[in-house]
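Below is one structure, written out as structure tokens; comments come after it.
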Amino acid sequence: MARRPNYRSYIQSQQWYAKHPAWLQRVNYRCGMFPWLRIGKGRPYAIHHMNYRHLGSEVLGRDVIPLSRFAHRHVIHGLLGGFKPAGKQRHFPNLAQRLAHWWCVQRCWFKAVLGIMVLGGGLAGAIFHPSLRCPQEICHNQKLPRDA
């Protein structure tokens with residue numbers, strides 16, 4: 001069985017950085033959490049380990065995901081991780097981080113459809129809700145005293 005590399009030395013190695021361009025290209029230089037954000041090609045990014053089981057032989061989507069630095073620092077390890085690095089967390093990944101990892105590996109079309117269902121449904125409901133109709137529209141649909 002191959003020996004697992006030391007995390008610190010591996011993360012700073014050429015072997016690790018040599019994998020980044022292919023991973024970034026496969027995700028079309030988009031953040032996994034916020035796909036409208038472009039990453040790589042001179043823009044800051046982080047390759048996030050969702051787990052460390054295959055350290056040294058990671059597979060995109062199973063072990064690692066490309067993220068914007070904001071998503072990595074402030075969402076995954078910030079809000080969802082109690083502002084602690086993975087090694088200092090009681091459980092990594094915790095439930096919130098696992099849900100975020102699941103979200104990050106979904107296809108962009110799925111994220112778009114879900115976004116439309118969540119946001120679009122709310123907007124459509126607000127636009128067509130009877131209590132929010134324009135008073136002018138109500139007036140035009142009713143006979144006014146002067147029309148009688």
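In the structure tokens, each chain is lettered A, B, ... as it comes, each chain's residues begin at 1, and ligands are numbered from 1 in order of appearance.
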Write out as a list in words which residues come within 8 Å of segment 42-44 of chain A when counting only C-alpha atoms, dropping same-chain ones fewer than 3 positions away. Arg38, Ile39, Ser68 and Arg69 of chain A
What does the file look like for those residues with N, CA and C atoms, as an mmCIF file, in the first residue's frame?
data_model
loop_
_atom_site.group_PDB
_atom_site.id
_atom_site.type_symbol
_atom_site.label_atom_id
_atom_site.label_comp_id
_atom_site.auth_asym_id
_atom_site.auth_seq_id
_atom_site.Cartn_x
_atom_site.Cartn_y
_atom_site.Cartn_z
ATOM 1 N N ARG A 38 -15.753 33.844 -11.420
ATOM 2 C CA ARG A 38 -14.659 33.258 -12.190
ATOM 3 C C ARG A 38 -13.452 33.129 -11.266
ATOM 4 N N ILE A 39 -12.727 32.021 -11.396
ATOM 5 C CA ILE A 39 -11.525 31.776 -10.599
ATOM 6 C C ILE A 39 -10.411 31.299 -11.517
ATOM 7 N N SER A 68 -13.743 29.932 -4.862
ATOM 8 C CA SER A 68 -13.175 31.266 -4.723
ATOM 9 C C SER A 68 -12.554 31.338 -3.329
ATOM 10 N N ARG A 69 -11.627 32.249 -3.143
ATOM 11 C CA ARG A 69 -11.024 32.376 -1.814
ATOM 12 C C ARG A 69 -12.072 32.760 -0.780
#
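The set of residues in segment 45-117 of chain A assigned to strand (DSSP E or B) by DSSP, using only backbone atoms of this structure, is Ala46, Ile47, His48, His49, Leu60, Val64, Ile65, Pro66 and Leu67 of chain A.
For the choices A:Leu119, A:Val64, A:Val75, A:Ile11, the atom-to-atom distance to Met33 of chain A is smallest for A:Val75 when using only C-alpha atoms.
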With a distance cut-off of 12 Å and only C-alpha atoms, select the neighbouring residues of Ala96 of chain A, excluding the residue or stretch itself and same-chain residues fewer than 2 positions from it, and output the selection as a PDB file with N, CA and C atoms, in the first residue's frame.
ATOM      1  N   VAL A  75     -16.856  30.972   4.032  1.00  0.00           N
ATOM      2  CA  VAL A  75     -18.056  30.128   4.085  1.00  0.00           C
ATOM      3  C   VAL A  75     -17.695  28.739   4.614  1.00  0.00           C
ATOM      4  N   ILE A  76     -16.867  27.989   3.879  1.00  0.00           N
ATOM      5  CA  ILE A  76     -16.554  26.611   4.270  1.00  0.00           C
ATOM      6  C   ILE A  76     -15.840  26.549   5.628  1.00  0.00           C
ATOM      7  N   HIS A  77     -14.723  27.265   5.756  1.00  0.00           N
ATOM      8  CA  HIS A  77     -13.967  27.213   7.014  1.00  0.00           C
ATOM      9  C   HIS A  77     -14.357  28.326   7.968  1.00  0.00           C
ATOM     10  N   GLY A  78     -15.146  29.294   7.502  1.00  0.00           N
ATOM     11  CA  GLY A  78     -15.605  30.385   8.348  1.00  0.00           C
ATOM     12  C   GLY A  78     -16.931  30.056   8.987  1.00  0.00           C
ATOM     13  N   LEU A  79     -18.002  30.502   8.357  1.00  0.00           N
ATOM     14  CA  LEU A  79     -19.343  30.311   8.913  1.00  0.00           C
ATOM     15  C   LEU A  79     -19.671  28.851   9.203  1.00  0.00           C
ATOM     16  N   LEU A  80     -19.363  27.965   8.264  1.00  0.00           N
ATOM     17  CA  LEU A  80     -19.750  26.562   8.423  1.00  0.00           C
ATOM     18  C   LEU A  80     -18.784  25.762   9.288  1.00  0.00           C
ATOM     19  N   GLY A  81     -17.562  26.239   9.435  1.00  0.00           N
ATOM     20  CA  GLY A  81     -16.558  25.506  10.204  1.00  0.00           C
ATOM     21  C   GLY A  81     -16.196  26.151  11.524  1.00  0.00           C
ATOM     22  N   GLY A  82     -16.974  27.139  11.942  1.00  0.00           N
ATOM     23  CA  GLY A  82     -16.674  27.794  13.215  1.00  0.00           C
ATOM     24  C   GLY A  82     -15.395  28.601  13.174  1.00  0.00           C
ATOM     25  N   HIS A  91     -15.332  17.836  14.266  1.00  0.00           N
ATOM     26  CA  HIS A  91     -15.676  16.887  13.197  1.00  0.00           C
ATOM     27  C   HIS A  91     -15.501  17.601  11.865  1.00  0.00           C
ATOM     28  N   PHE A  92     -14.684  17.042  10.999  1.00  0.00           N
ATOM     29  CA  PHE A  92     -14.558  17.592   9.648  1.00  0.00           C
ATOM     30  C   PHE A  92     -14.789  16.472   8.652  1.00  0.00           C
ATOM     31  N   PRO A  93     -15.642  16.690   7.698  1.00  0.00           N
ATOM     32  CA  PRO A  93     -16.553  17.828   7.577  1.00  0.00           C
ATOM     33  C   PRO A  93     -17.776  17.642   8.484  1.00  0.00           C
ATOM     34  N   ASN A  94     -18.266  18.757   9.012  1.00  0.00           N
ATOM     35  CA  ASN A  94     -19.487  18.683   9.805  1.00  0.00           C
ATOM     36  C   ASN A  94     -20.683  18.652   8.852  1.00  0.00           C
ATOM     37  N   ARG A  98     -20.750  19.316   4.838  1.00  0.00           N
ATOM     38  CA  ARG A  98     -21.104  18.247   3.899  1.00  0.00           C
ATOM     39  C   ARG A  98     -22.204  18.700   2.943  1.00  0.00           C
ATOM     40  N   LEU A  99     -23.174  19.445   3.466  1.00  0.00           N
ATOM     41  CA  LEU A  99     -24.227  19.984   2.585  1.00  0.00           C
ATOM     42  C   LEU A  99     -23.633  20.971   1.586  1.00  0.00           C
ATOM     43  N   ALA A 100     -22.714  21.802   2.046  1.00  0.00           N
ATOM     44  CA  ALA A 100     -22.044  22.746   1.133  1.00  0.00           C
ATOM     45  C   ALA A 100     -21.224  21.985   0.088  1.00  0.00           C
ATOM     46  N   HIS A 101     -20.542  20.926   0.485  1.00  0.00           N
ATOM     47  CA  HIS A 101     -19.779  20.109  -0.468  1.00  0.00           C
ATOM     48  C   HIS A 101     -20.717  19.508  -1.506  1.00  0.00           C
ATOM     49  N   TRP A 102     -21.868  19.009  -1.055  1.00  0.00           N
ATOM     50  CA  TRP A 102     -22.855  18.452  -1.986  1.00  0.00           C
ATOM     51  C   TRP A 102     -23.276  19.517  -2.997  1.00  0.00           C
ATOM     52  N   TRP A 103     -23.568  20.713  -2.512  1.00  0.00           N
ATOM     53  CA  TRP A 103     -23.975  21.813  -3.391  1.00  0.00           C
ATOM     54  C   TRP A 103     -22.877  22.107  -4.418  1.00  0.00           C
TER      55      TRP A 103
END
